[in-house]
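Here the structure is laid out as structure tokens; the discussion comes afterwards.
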Number of protein chains: 4
Amino acid sequence: MVTAMHSSTERSGRTGRPRSVEADAAILGATRDALVELGWSKLTLGDVATRAGVAKTTLYRRWAGKNELVVDAVAVLFDELELPDLGSLAADVEDVVLQFARLLERPETRTALMAVVSESTRDDALRARIRSSIVERQKRLVLEGRQRAQERGELPVQSDDEAAARTADLIFDVVAGAVVHRSLVSAEPVDRAWAASFVRLLLNGLTHV
Amino acid sequence: MVTAMHSSTERSGRTGRPRSVEADAAILGATRDALVELGWSKLTLGDVATRAGVAKTTLYRRWAGKNELVVDAVAVLFDELELPDLGSLAADVEDVVLQFARLLERPETRTALMAVVSESTRDDALRARIRSSIVERQKRLVLEGRQRAQERGELPVQSDDEAAARTADLIFDVVAGAVVHRSLVSAEPVDRAWAASFVRLLLNGLTHV
Amino acid sequence: MVTAMHSSTERSGRTGRPRSVEADAAILGATRDALVELGWSKLTLGDVATRAGVAKTTLYRRWAGKNELVVDAVAVLFDELELPDLGSLAADVEDVVLQFARLLERPETRTALMAVVSESTRDDALRARIRSSIVERQKRLVLEGRQRAQERGELPVQSDDEAAARTADLIFDVVAGAVVHRSLVSAEPVDRAWAASFVRLLLNGLTHV
Amino acid sequence: MVTAMHSSTERSGRTGRPRSVEADAAILGATRDALVELGWSKLTLGDVATRAGVAKTTLYRRWAGKNELVVDAVAVLFDELELPDLGSLAADVEDVVLQFARLLERPETRTALMAVVSESTRDDALRARIRSSIVERQKRLVLEGRQRAQERGELPVQSDDEAAARTADLIFDVVAGAVVHRSLVSAEPVDRAWAASFVRLLLNGLTHV
DNA sequence: CCTTAAGCGAGACGGTACGTCGCGTCTTACG
DNA sequence: CGTAAGACGCGACGTACCGTCTCGCTTAAGG
């Protein structure tokens, strides 16, 4: 679960009516629903509040704006991704690629991810939120996959920790970037055939194809 | 050159006052300027019109909205990319990667590209416009690079044309996607070191690092 | 007929294509049609031009704007009014009152007359045009009616010409004003009963009712 | 006082921020000011809002459009009219006629009254608003004047209430119509001399002049 | 017959106002 | 103090007409 994103969990002051606990979930759910129906650009906070059965003030008390709200609403979706153990690095990566592609086919993910990234180019706080809520959180997949491949002897162990981290970052950008670009920019399907040829390229390189 | 983007070049009817030819260039230039200053989300068509010394109606007469206008305004920037001949495939690719990274550092490209891609997930006409104006147009870099590498003997010649096209698409998505993801999503610098390690991975694959 | 309203009849210069003679009639007719359908406030000159099968430039070449055009288009309607000879002043006046009321029931007259009067409060040229095209032209009805009543011995002959003119103006304002106010402001029907009681008041005065 | 013109006085629901009470007065005042400066046709709601120190949306939340707003803004001016007691019916009527003429000389009344009447020919709701806010409200002058004249013995008492009401309506249309027509359509001054001859005609009739 | 010059249709142009929508803030009364 | 409700100031939207301005074509009269 994504916790403590926008407000500390413990009560800061003692007095007064406590914040409704159901409201947060209702708002995030309503945000996802609205994203599916309307897409990023037509999503309005007033509409989200209405759908959630909540006043607009309640929403603004908890999130700074559309961007922050959508990041929180969407981040949790990426936690669905899981690295299977299919016996080989190639099979594992191919499976994750296809999982990720399925995720990007869902309208709420499709439209929201690029939009908040676009906004984040002018907003450092938003960029940090995206990194911590989505990017860093999902690097676990690369780390687990490498670990498992090393245990299987498919990949060598890098002794330099820093270099190993850089390599993990590189792989993450290549895999995530390629899938996102294929799916959203080139607007071509990420099917099993494409995934297979991508994994082949990733593992063996251009010169060994 | 980017021609006939939003209207056929030849006069459709012969009557009536012809459209001002200067206006198009002025509007696209003003759009780029406004993108630099304001970013995608604060860019308004009224402001663009004012900067271009043009009435808002003229702008709406030629483009359907913000998305279409920005695609046209930004597409031309990608034409700056050039494939150098540095003697080896690795050096050539590294150079293009760095050129592309420089392009993505410019505020107008940064903010606009992801935004229109995000919008395009809900708008087929916009997606098609992006593909024809940007994506397909820049695949030339992959094709030229492969041609040159094949002439040098660095890459084998693929006899199956269709398979060769699929490979070119794959390489394009991997290169462009990785750079975009590194630069905009991970929000880490694409410097010479990263470019070098990316090219190494691209050419040799994970298992040959 | 209303002639020489907006352009002198004789050709000023000699050369060049002469103005189309059908256009004037077509435009005025189209204006009346549009007034019936749309009313004053929704009537647009572009629409009138289209209905008349004429370019907007042609229209502007002949009239200065909406007000002037509508005055010319409507003025001719008031020429329909005729003073019958029904044997008594009371009967004659009652008949004209009812004719005038019928005229004011027509949508083009209803909506246009008050609108141009309203505009004329800020535009001296327009006020003059209304006076000469409509008001002065219809005073003939009062003059004829008085003449006939004097011949019948129903009204005394005023020897002072200036005073006689003032009286005619007064009667005109009272009759026209009462009918317009009843019909358009009070929005009550001008039927035979009302006309009869109005004529009784006009002829005998309040104190002799 | 003109009350409850466009919204009921009591709060309909009890929740939510109440409408600003100052705003109404500020808007109506700004409307009258703008009418004086600009006249009906150049008056814009955006400008009125600015003058009133109010957002355009606030204005649209309370009035349906220019017509309704102007009726409300102008109606109150007619409440200034007062029936003096100058000792005779003739003197009283003459005074009210001159008061009314002064009112119609004011630019806001001049331009607005005819304009809204013109619009009302196509808009039943507007017509009803004009009747209740202006016409019916000012009939009090006729009723009071007749009452006083009857007390003085200048006019007989009509026993039939319905007939008496019809006569009052008739007198109202004749007086108001004559003054409006003289002032706005004929565009001649309503001075003491004209008022005197009008009252003479009204009281004694054409045949007793 | 040919030039000349104005009229004409079409439609793009710079403007201005429109009436609406969403933003993020505020002011109520209630819990 | 949190909350639902909803009015507020603000600013951009996309549209509609305005009255003007090119265009290329048509239509006479005068040379």
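We name chains A, B, ... following the order of the structure tokens; residues begin at 1 in each chain, and ligands are numbered from 1 as shown.
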*Which residues come within 8 Å of Ala112 of chain C, counting only C-alpha atoms (C1' of nucleotides), excluding same-chain residues fewer than 2 positions away, as a ChimeraX atom specification?*
/C:35,39-40,70-71,74,108-110,114-116 /D:118
Output file for the residues above (N, CA and C atoms, as an mmCIF file, in the first residue's frame):
data_model
loop_
_atom_site.group_PDB
_atom_site.id
_atom_site.type_symbol
_atom_site.label_atom_id
_atom_site.label_comp_id
_atom_site.auth_asym_id
_atom_site.auth_seq_id
_atom_site.Cartn_x
_atom_site.Cartn_y
_atom_site.Cartn_z
ATOM 1 N N LEU C 35 -36.268 39.475 -40.177
ATOM 2 C CA LEU C 35 -36.881 40.088 -38.999
ATOM 3 C C LEU C 35 -38.043 39.247 -38.494
ATOM 4 N N GLY C 39 -36.290 38.160 -35.397
ATOM 5 C CA GLY C 39 -36.397 39.336 -34.537
ATOM 6 C C GLY C 39 -35.164 40.212 -34.681
ATOM 7 N N TRP C 40 -35.280 41.395 -34.155
ATOM 8 C CA TRP C 40 -34.211 42.382 -34.285
ATOM 9 C C TRP C 40 -32.870 41.907 -33.750
ATOM 10 N N VAL C 70 -32.586 48.438 -41.534
ATOM 11 C CA VAL C 70 -33.906 48.044 -41.034
ATOM 12 C C VAL C 70 -34.902 49.180 -41.187
ATOM 13 N N VAL C 71 -34.475 50.405 -40.969
ATOM 14 C CA VAL C 71 -35.390 51.524 -41.177
ATOM 15 C C VAL C 71 -35.915 51.497 -42.603
ATOM 16 N N VAL C 74 -38.329 48.582 -43.231
ATOM 17 C CA VAL C 74 -39.605 48.621 -42.530
ATOM 18 C C VAL C 74 -40.460 49.810 -42.943
ATOM 19 N N GLU C 108 -42.277 41.770 -37.902
ATOM 20 C CA GLU C 108 -41.198 42.626 -38.389
ATOM 21 C C GLU C 108 -41.388 44.075 -37.949
ATOM 22 N N THR C 109 -42.626 44.520 -37.877
ATOM 23 C CA THR C 109 -42.877 45.898 -37.464
ATOM 24 C C THR C 109 -42.692 46.051 -35.958
ATOM 25 N N ARG C 110 -43.340 45.151 -35.242
ATOM 26 C CA ARG C 110 -43.266 45.115 -33.785
ATOM 27 C C ARG C 110 -41.859 45.293 -33.270
ATOM 28 N N MET C 114 -39.487 49.658 -32.377
ATOM 29 C CA MET C 114 -38.960 50.065 -31.078
ATOM 30 C C MET C 114 -37.434 49.987 -31.040
ATOM 31 N N ALA C 115 -36.894 48.997 -31.707
ATOM 32 C CA ALA C 115 -35.442 48.830 -31.684
ATOM 33 C C ALA C 115 -34.746 50.014 -32.338
ATOM 34 N N VAL C 116 -35.197 50.418 -33.494
ATOM 35 C CA VAL C 116 -34.514 51.531 -34.148
ATOM 36 C C VAL C 116 -34.772 52.836 -33.405
ATOM 37 N N SER D 118 -38.696 46.479 -27.181
ATOM 38 C CA SER D 118 -38.466 45.826 -28.460
ATOM 39 C C SER D 118 -38.146 44.347 -28.270
#
*Give me the residues within 10 Å of Val96 of chain B as a ChimeraX atom specification, counting only C-alpha atoms (C1' of nucleotides) and dropping any in the same chain fewer than 5 places off.*
/B:81-84,91,101-102,141-142,145,175,195
Can you spit out the residues from that selection as a PDB file, in the first residue's frame, using N, CA and C atoms?
ATOM      1  N   LEU B  81      17.549  16.939 -35.513  1.00  0.00           N
ATOM      2  CA  LEU B  81      18.390  15.780 -35.225  1.00  0.00           C
ATOM      3  C   LEU B  81      19.099  15.312 -36.497  1.00  0.00           C
ATOM      4  N   GLU B  82      20.393  15.040 -36.370  1.00  0.00           N
ATOM      5  CA  GLU B  82      21.120  14.552 -37.533  1.00  0.00           C
ATOM      6  C   GLU B  82      22.034  13.416 -37.126  1.00  0.00           C
ATOM      7  N   LEU B  83      22.166  12.456 -38.034  1.00  0.00           N
ATOM      8  CA  LEU B  83      23.041  11.329 -37.777  1.00  0.00           C
ATOM      9  C   LEU B  83      24.434  11.661 -38.294  1.00  0.00           C
ATOM     10  N   PRO B  84      25.406  11.786 -37.403  1.00  0.00           N
ATOM     11  CA  PRO B  84      26.763  12.112 -37.860  1.00  0.00           C
ATOM     12  C   PRO B  84      27.449  10.834 -38.352  1.00  0.00           C
ATOM     13  N   ALA B  91      29.603   5.051 -31.849  1.00  0.00           N
ATOM     14  CA  ALA B  91      29.801   6.497 -31.746  1.00  0.00           C
ATOM     15  C   ALA B  91      28.633   7.255 -32.349  1.00  0.00           C
ATOM     16  N   ALA B 101      18.786  13.959 -26.220  1.00  0.00           N
ATOM     17  CA  ALA B 101      18.709  14.392 -24.823  1.00  0.00           C
ATOM     18  C   ALA B 101      18.735  15.917 -24.740  1.00  0.00           C
ATOM     19  N   ARG B 102      19.615  16.549 -25.552  1.00  0.00           N
ATOM     20  CA  ARG B 102      19.672  18.020 -25.550  1.00  0.00           C
ATOM     21  C   ARG B 102      18.310  18.592 -25.957  1.00  0.00           C
ATOM     22  N   LEU B 141      16.401   8.287 -38.908  1.00  0.00           N
ATOM     23  CA  LEU B 141      17.686   8.201 -38.223  1.00  0.00           C
ATOM     24  C   LEU B 141      18.101   6.737 -38.041  1.00  0.00           C
ATOM     25  N   VAL B 142      17.123   5.902 -37.660  1.00  0.00           N
ATOM     26  CA  VAL B 142      17.433   4.482 -37.488  1.00  0.00           C
ATOM     27  C   VAL B 142      17.811   3.861 -38.822  1.00  0.00           C
ATOM     28  N   GLY B 145      21.214   4.988 -39.970  1.00  0.00           N
ATOM     29  CA  GLY B 145      22.264   4.433 -39.112  1.00  0.00           C
ATOM     30  C   GLY B 145      22.507   2.964 -39.422  1.00  0.00           C
ATOM     31  N   VAL B 175      15.458   3.040 -28.282  1.00  0.00           N
ATOM     32  CA  VAL B 175      16.333   4.201 -28.110  1.00  0.00           C
ATOM     33  C   VAL B 175      15.533   5.417 -27.629  1.00  0.00           C
ATOM     34  N   ALA B 195      24.974   7.657 -21.738  1.00  0.00           N
ATOM     35  CA  ALA B 195      24.816   7.342 -23.149  1.00  0.00           C
ATOM     36  C   ALA B 195      25.740   6.191 -23.539  1.00  0.00           C
TER      37      ALA B 195
END
So which residues touch DC2 of chain E within 12 Å, counting only C-alpha atoms (C1' of nucleotides), skipping near sequence neighbours fewer than 2 positions away, as an mmCIF file with N, CA and C atoms (P, O5', C5', C4', C3', O3' and C1' of nucleotides), in the first residue's frame?
data_model
loop_
_atom_site.group_PDB
_atom_site.id
_atom_site.type_symbol
_atom_site.label_atom_id
_atom_site.label_comp_id
_atom_site.auth_asym_id
_atom_site.auth_seq_id
_atom_site.Cartn_x
_atom_site.Cartn_y
_atom_site.Cartn_z
ATOM 1 P P DT E 4 -5.846 51.146 -69.941
ATOM 2 O "O5'" DT E 4 -7.037 51.579 -68.975
ATOM 3 C "C5'" DT E 4 -7.951 52.584 -69.422
ATOM 4 C "C4'" DT E 4 -9.191 52.537 -68.567
ATOM 5 C "C3'" DT E 4 -8.932 52.352 -67.068
ATOM 6 O "O3'" DT E 4 -9.478 53.480 -66.434
ATOM 7 C "C1'" DT E 4 -10.728 50.990 -67.814
ATOM 8 P P DA F 29 -23.969 51.187 -70.286
ATOM 9 O "O5'" DA F 29 -22.672 52.114 -70.368
ATOM 10 C "C5'" DA F 29 -22.264 52.797 -69.191
ATOM 11 C "C4'" DA F 29 -20.963 53.516 -69.460
ATOM 12 C "C3'" DA F 29 -20.978 54.415 -70.683
ATOM 13 O "O3'" DA F 29 -20.355 55.627 -70.326
ATOM 14 C "C1'" DA F 29 -19.267 52.788 -70.898
ATOM 15 P P DG F 30 -20.054 56.744 -71.410
ATOM 16 O "O5'" DG F 30 -18.553 56.379 -71.822
ATOM 17 C "C5'" DG F 30 -17.517 56.478 -70.850
ATOM 18 C "C4'" DG F 30 -16.197 56.732 -71.541
ATOM 19 C "C3'" DG F 30 -16.264 57.718 -72.717
ATOM 20 O "O3'" DG F 30 -15.092 58.551 -72.667
ATOM 21 C "C1'" DG F 30 -15.757 55.493 -73.523
ATOM 22 P P DG F 31 -14.395 59.113 -74.023
ATOM 23 O "O5'" DG F 31 -13.429 57.945 -74.464
ATOM 24 C "C5'" DG F 31 -12.221 57.701 -73.732
ATOM 25 C "C4'" DG F 31 -11.288 56.815 -74.561
ATOM 26 C "C3'" DG F 31 -10.781 57.490 -75.847
ATOM 27 O "O3'" DG F 31 -9.451 57.028 -76.107
ATOM 28 C "C1'" DG F 31 -12.029 55.560 -76.405
#
*Provide as a list in words the residues of chain C at most 12 Å from chain F, counting only C-alpha atoms (C1' of nucleotides).*
Arg11, Gly13, Arg14, Thr15, Gly16, Arg17, Pro18, Arg19, Ser20, Ser41, Lys42, Leu43, Thr44, Leu45, Gly46, Asp47, Lys56, Thr57, Leu59, Tyr60, Arg61, Trp63, Ala64, Gly65 and Lys66 of chain C
Output N, CA and C atoms for every residue in the selection just made, as an mmCIF file, in the first residue's frame.
data_model
loop_
_atom_site.group_PDB
_atom_site.id
_atom_site.type_symbol
_atom_site.label_atom_id
_atom_site.label_comp_id
_atom_site.auth_asym_id
_atom_site.auth_seq_id
_atom_site.Cartn_x
_atom_site.Cartn_y
_atom_site.Cartn_z
ATOM 1 N N ARG C 11 -26.123 58.439 -61.718
ATOM 2 C CA ARG C 11 -24.759 57.930 -61.586
ATOM 3 C C ARG C 11 -23.832 59.085 -61.285
ATOM 4 N N GLY C 13 -20.218 58.898 -60.985
ATOM 5 C CA GLY C 13 -19.185 58.813 -62.029
ATOM 6 C C GLY C 13 -19.811 58.137 -63.234
ATOM 7 N N ARG C 14 -19.092 58.058 -64.260
ATOM 8 C CA ARG C 14 -19.631 57.468 -65.474
ATOM 9 C C ARG C 14 -19.229 56.009 -65.645
ATOM 10 N N THR C 15 -17.970 55.753 -65.351
ATOM 11 C CA THR C 15 -17.429 54.442 -65.717
ATOM 12 C C THR C 15 -17.659 53.412 -64.626
ATOM 13 N N GLY C 16 -17.286 52.188 -64.945
ATOM 14 C CA GLY C 16 -17.404 51.111 -63.982
ATOM 15 C C GLY C 16 -18.729 50.397 -64.085
ATOM 16 N N ARG C 17 -18.759 49.243 -63.484
ATOM 17 C CA ARG C 17 -19.976 48.435 -63.525
ATOM 18 C C ARG C 17 -21.046 49.098 -62.677
ATOM 19 N N PRO C 18 -22.238 49.216 -63.163
ATOM 20 C CA PRO C 18 -23.290 49.857 -62.374
ATOM 21 C C PRO C 18 -23.789 48.910 -61.296
ATOM 22 N N ARG C 19 -24.341 49.501 -60.237
ATOM 23 C CA ARG C 19 -24.865 48.674 -59.155
ATOM 24 C C ARG C 19 -26.076 47.887 -59.628
ATOM 25 N N SER C 20 -26.126 46.676 -59.160
ATOM 26 C CA SER C 20 -27.260 45.830 -59.518
ATOM 27 C C SER C 20 -28.544 46.427 -58.965
ATOM 28 N N SER C 41 -32.864 41.418 -32.544
ATOM 29 C CA SER C 41 -31.576 41.200 -31.884
ATOM 30 C C SER C 41 -30.805 40.033 -32.479
ATOM 31 N N LYS C 42 -31.478 39.068 -33.085
ATOM 32 C CA LYS C 42 -30.765 37.927 -33.667
ATOM 33 C C LYS C 42 -30.543 38.111 -35.153
ATOM 34 N N LEU C 43 -31.012 39.200 -35.691
ATOM 35 C CA LEU C 43 -30.787 39.441 -37.108
ATOM 36 C C LEU C 43 -29.345 39.856 -37.331
ATOM 37 N N THR C 44 -28.687 39.168 -38.250
ATOM 38 C CA THR C 44 -27.298 39.511 -38.547
ATOM 39 C C THR C 44 -27.171 39.878 -40.024
ATOM 40 N N LEU C 45 -26.275 40.787 -40.297
ATOM 41 C CA LEU C 45 -26.142 41.259 -41.671
ATOM 42 C C LEU C 45 -25.587 40.172 -42.571
ATOM 43 N N GLY C 46 -24.735 39.340 -42.019
ATOM 44 C CA GLY C 46 -24.224 38.223 -42.799
ATOM 45 C C GLY C 46 -25.358 37.324 -43.260
ATOM 46 N N ASP C 47 -26.281 37.078 -42.359
ATOM 47 C CA ASP C 47 -27.419 36.237 -42.706
ATOM 48 C C ASP C 47 -28.290 36.913 -43.752
ATOM 49 N N LYS C 56 -21.591 40.207 -48.504
ATOM 50 C CA LYS C 56 -21.684 41.166 -47.414
ATOM 51 C C LYS C 56 -21.185 42.537 -47.841
ATOM 52 N N THR C 57 -20.156 42.549 -48.658
ATOM 53 C CA THR C 57 -19.607 43.832 -49.131
ATOM 54 C C THR C 57 -20.639 44.656 -49.881
ATOM 55 N N LEU C 59 -23.780 44.700 -49.415
ATOM 56 C CA LEU C 59 -24.689 45.268 -48.434
ATOM 57 C C LEU C 59 -24.073 46.499 -47.756
ATOM 58 N N TYR C 60 -22.829 46.357 -47.355
ATOM 59 C CA TYR C 60 -22.181 47.480 -46.657
ATOM 60 C C TYR C 60 -21.912 48.650 -47.594
ATOM 61 N N ARG C 61 -21.818 48.369 -48.877
ATOM 62 C CA ARG C 61 -21.599 49.451 -49.826
ATOM 63 C C ARG C 61 -22.840 50.356 -49.888
ATOM 64 N N TRP C 63 -25.593 50.372 -47.301
ATOM 65 C CA TRP C 63 -26.121 50.854 -46.020
ATOM 66 C C TRP C 63 -25.005 50.900 -44.985
ATOM 67 N N ALA C 64 -25.131 51.810 -44.054
ATOM 68 C CA ALA C 64 -24.065 51.976 -43.065
ATOM 69 C C ALA C 64 -24.095 50.886 -42.008
ATOM 70 N N GLY C 65 -25.244 50.300 -41.756
ATOM 71 C CA GLY C 65 -25.310 49.282 -40.716
ATOM 72 C C GLY C 65 -26.716 48.767 -40.545
ATOM 73 N N LYS C 66 -26.880 47.984 -39.533
ATOM 74 C CA LYS C 66 -28.141 47.304 -39.249
ATOM 75 C C LYS C 66 -29.292 48.306 -39.099
#
*Could the residues of chain C within 6 Å of chain D, counting only C-alpha atoms, be given as a list of chain:residue names, please?*
C:Thr111, C:Met114, C:Ala115, C:Ser118, C:Thr121, C:Asp173, C:Val174, C:Gly177, C:Ala178, C:His181, C:Arg182, C:Leu202, C:Leu203, C:Asn204, C:Gly205, C:Leu206, C:Thr207
Take the selection from the previous step and output its residues with N, CA, C and O atoms, as a CSV table (one decimal), in the first residue's frame.
chain,number,residue,atom,x,y,z
C,111,THR,N,-41.0,44.4,-33.7
C,111,THR,CA,-39.7,44.3,-33.1
C,111,THR,C,-38.8,45.4,-33.7
C,111,THR,O,-37.9,45.9,-32.9
C,114,MET,N,-39.5,49.7,-32.4
C,114,MET,CA,-39.0,50.1,-31.1
C,114,MET,C,-37.4,50.0,-31.0
C,114,MET,O,-36.8,50.8,-30.4
C,115,ALA,N,-36.9,49.0,-31.7
C,115,ALA,CA,-35.4,48.8,-31.7
C,115,ALA,C,-34.7,50.0,-32.3
C,115,ALA,O,-33.8,50.6,-31.8
C,118,SER,N,-35.0,53.0,-30.2
C,118,SER,CA,-34.1,53.0,-29.1
C,118,SER,C,-32.7,53.4,-29.6
C,118,SER,O,-32.0,54.2,-28.9
C,121,THR,N,-31.9,57.1,-30.1
C,121,THR,CA,-31.7,58.1,-29.0
C,121,THR,C,-30.2,58.4,-28.9
C,121,THR,O,-29.9,59.4,-28.1
C,173,ASP,N,-49.0,62.3,-32.2
C,173,ASP,CA,-48.3,61.7,-31.1
C,173,ASP,C,-49.3,61.0,-30.2
C,173,ASP,O,-49.0,59.9,-29.7
C,174,VAL,N,-50.5,61.6,-30.0
C,174,VAL,CA,-51.5,60.9,-29.1
C,174,VAL,C,-52.0,59.6,-29.7
C,174,VAL,O,-52.0,58.6,-29.0
C,177,GLY,N,-48.9,57.1,-30.3
C,177,GLY,CA,-48.4,56.8,-29.0
C,177,GLY,C,-49.3,55.9,-28.2
C,177,GLY,O,-48.9,54.9,-27.7
C,178,ALA,N,-50.6,56.2,-28.2
C,178,ALA,CA,-51.5,55.4,-27.5
C,178,ALA,C,-51.6,53.9,-28.0
C,178,ALA,O,-51.5,53.0,-27.3
C,181,HIS,N,-48.3,52.1,-27.3
C,181,HIS,CA,-48.1,51.8,-25.9
C,181,HIS,C,-49.0,50.7,-25.5
C,181,HIS,O,-48.6,49.7,-24.8
C,182,ARG,N,-50.3,50.7,-25.9
C,182,ARG,CA,-51.2,49.7,-25.6
C,182,ARG,C,-50.7,48.3,-26.2
C,182,ARG,O,-50.7,47.3,-25.5
C,202,LEU,N,-60.7,60.6,-27.3
C,202,LEU,CA,-60.0,61.6,-28.1
C,202,LEU,C,-60.9,62.7,-28.6
C,202,LEU,O,-60.5,63.9,-28.5
C,203,LEU,N,-62.1,62.3,-28.9
C,203,LEU,CA,-63.0,63.4,-29.4
C,203,LEU,C,-63.6,64.2,-28.3
C,203,LEU,O,-63.8,65.4,-28.5
C,204,ASN,N,-64.0,63.6,-27.2
C,204,ASN,CA,-64.8,64.3,-26.2
C,204,ASN,C,-64.0,64.6,-25.0
C,204,ASN,O,-64.5,65.5,-24.2
C,205,GLY,N,-62.9,64.0,-24.8
C,205,GLY,CA,-62.1,64.3,-23.6
C,205,GLY,C,-62.6,63.6,-22.3
C,205,GLY,O,-63.7,63.1,-22.3
C,206,LEU,N,-61.8,63.6,-21.3
C,206,LEU,CA,-62.1,63.0,-20.1
C,206,LEU,C,-63.3,63.5,-19.4
C,206,LEU,O,-64.1,62.7,-18.9
C,207,THR,N,-63.5,64.8,-19.4
C,207,THR,CA,-64.5,65.4,-18.7
C,207,THR,C,-65.9,65.3,-19.3
C,207,THR,O,-66.9,65.6,-18.7
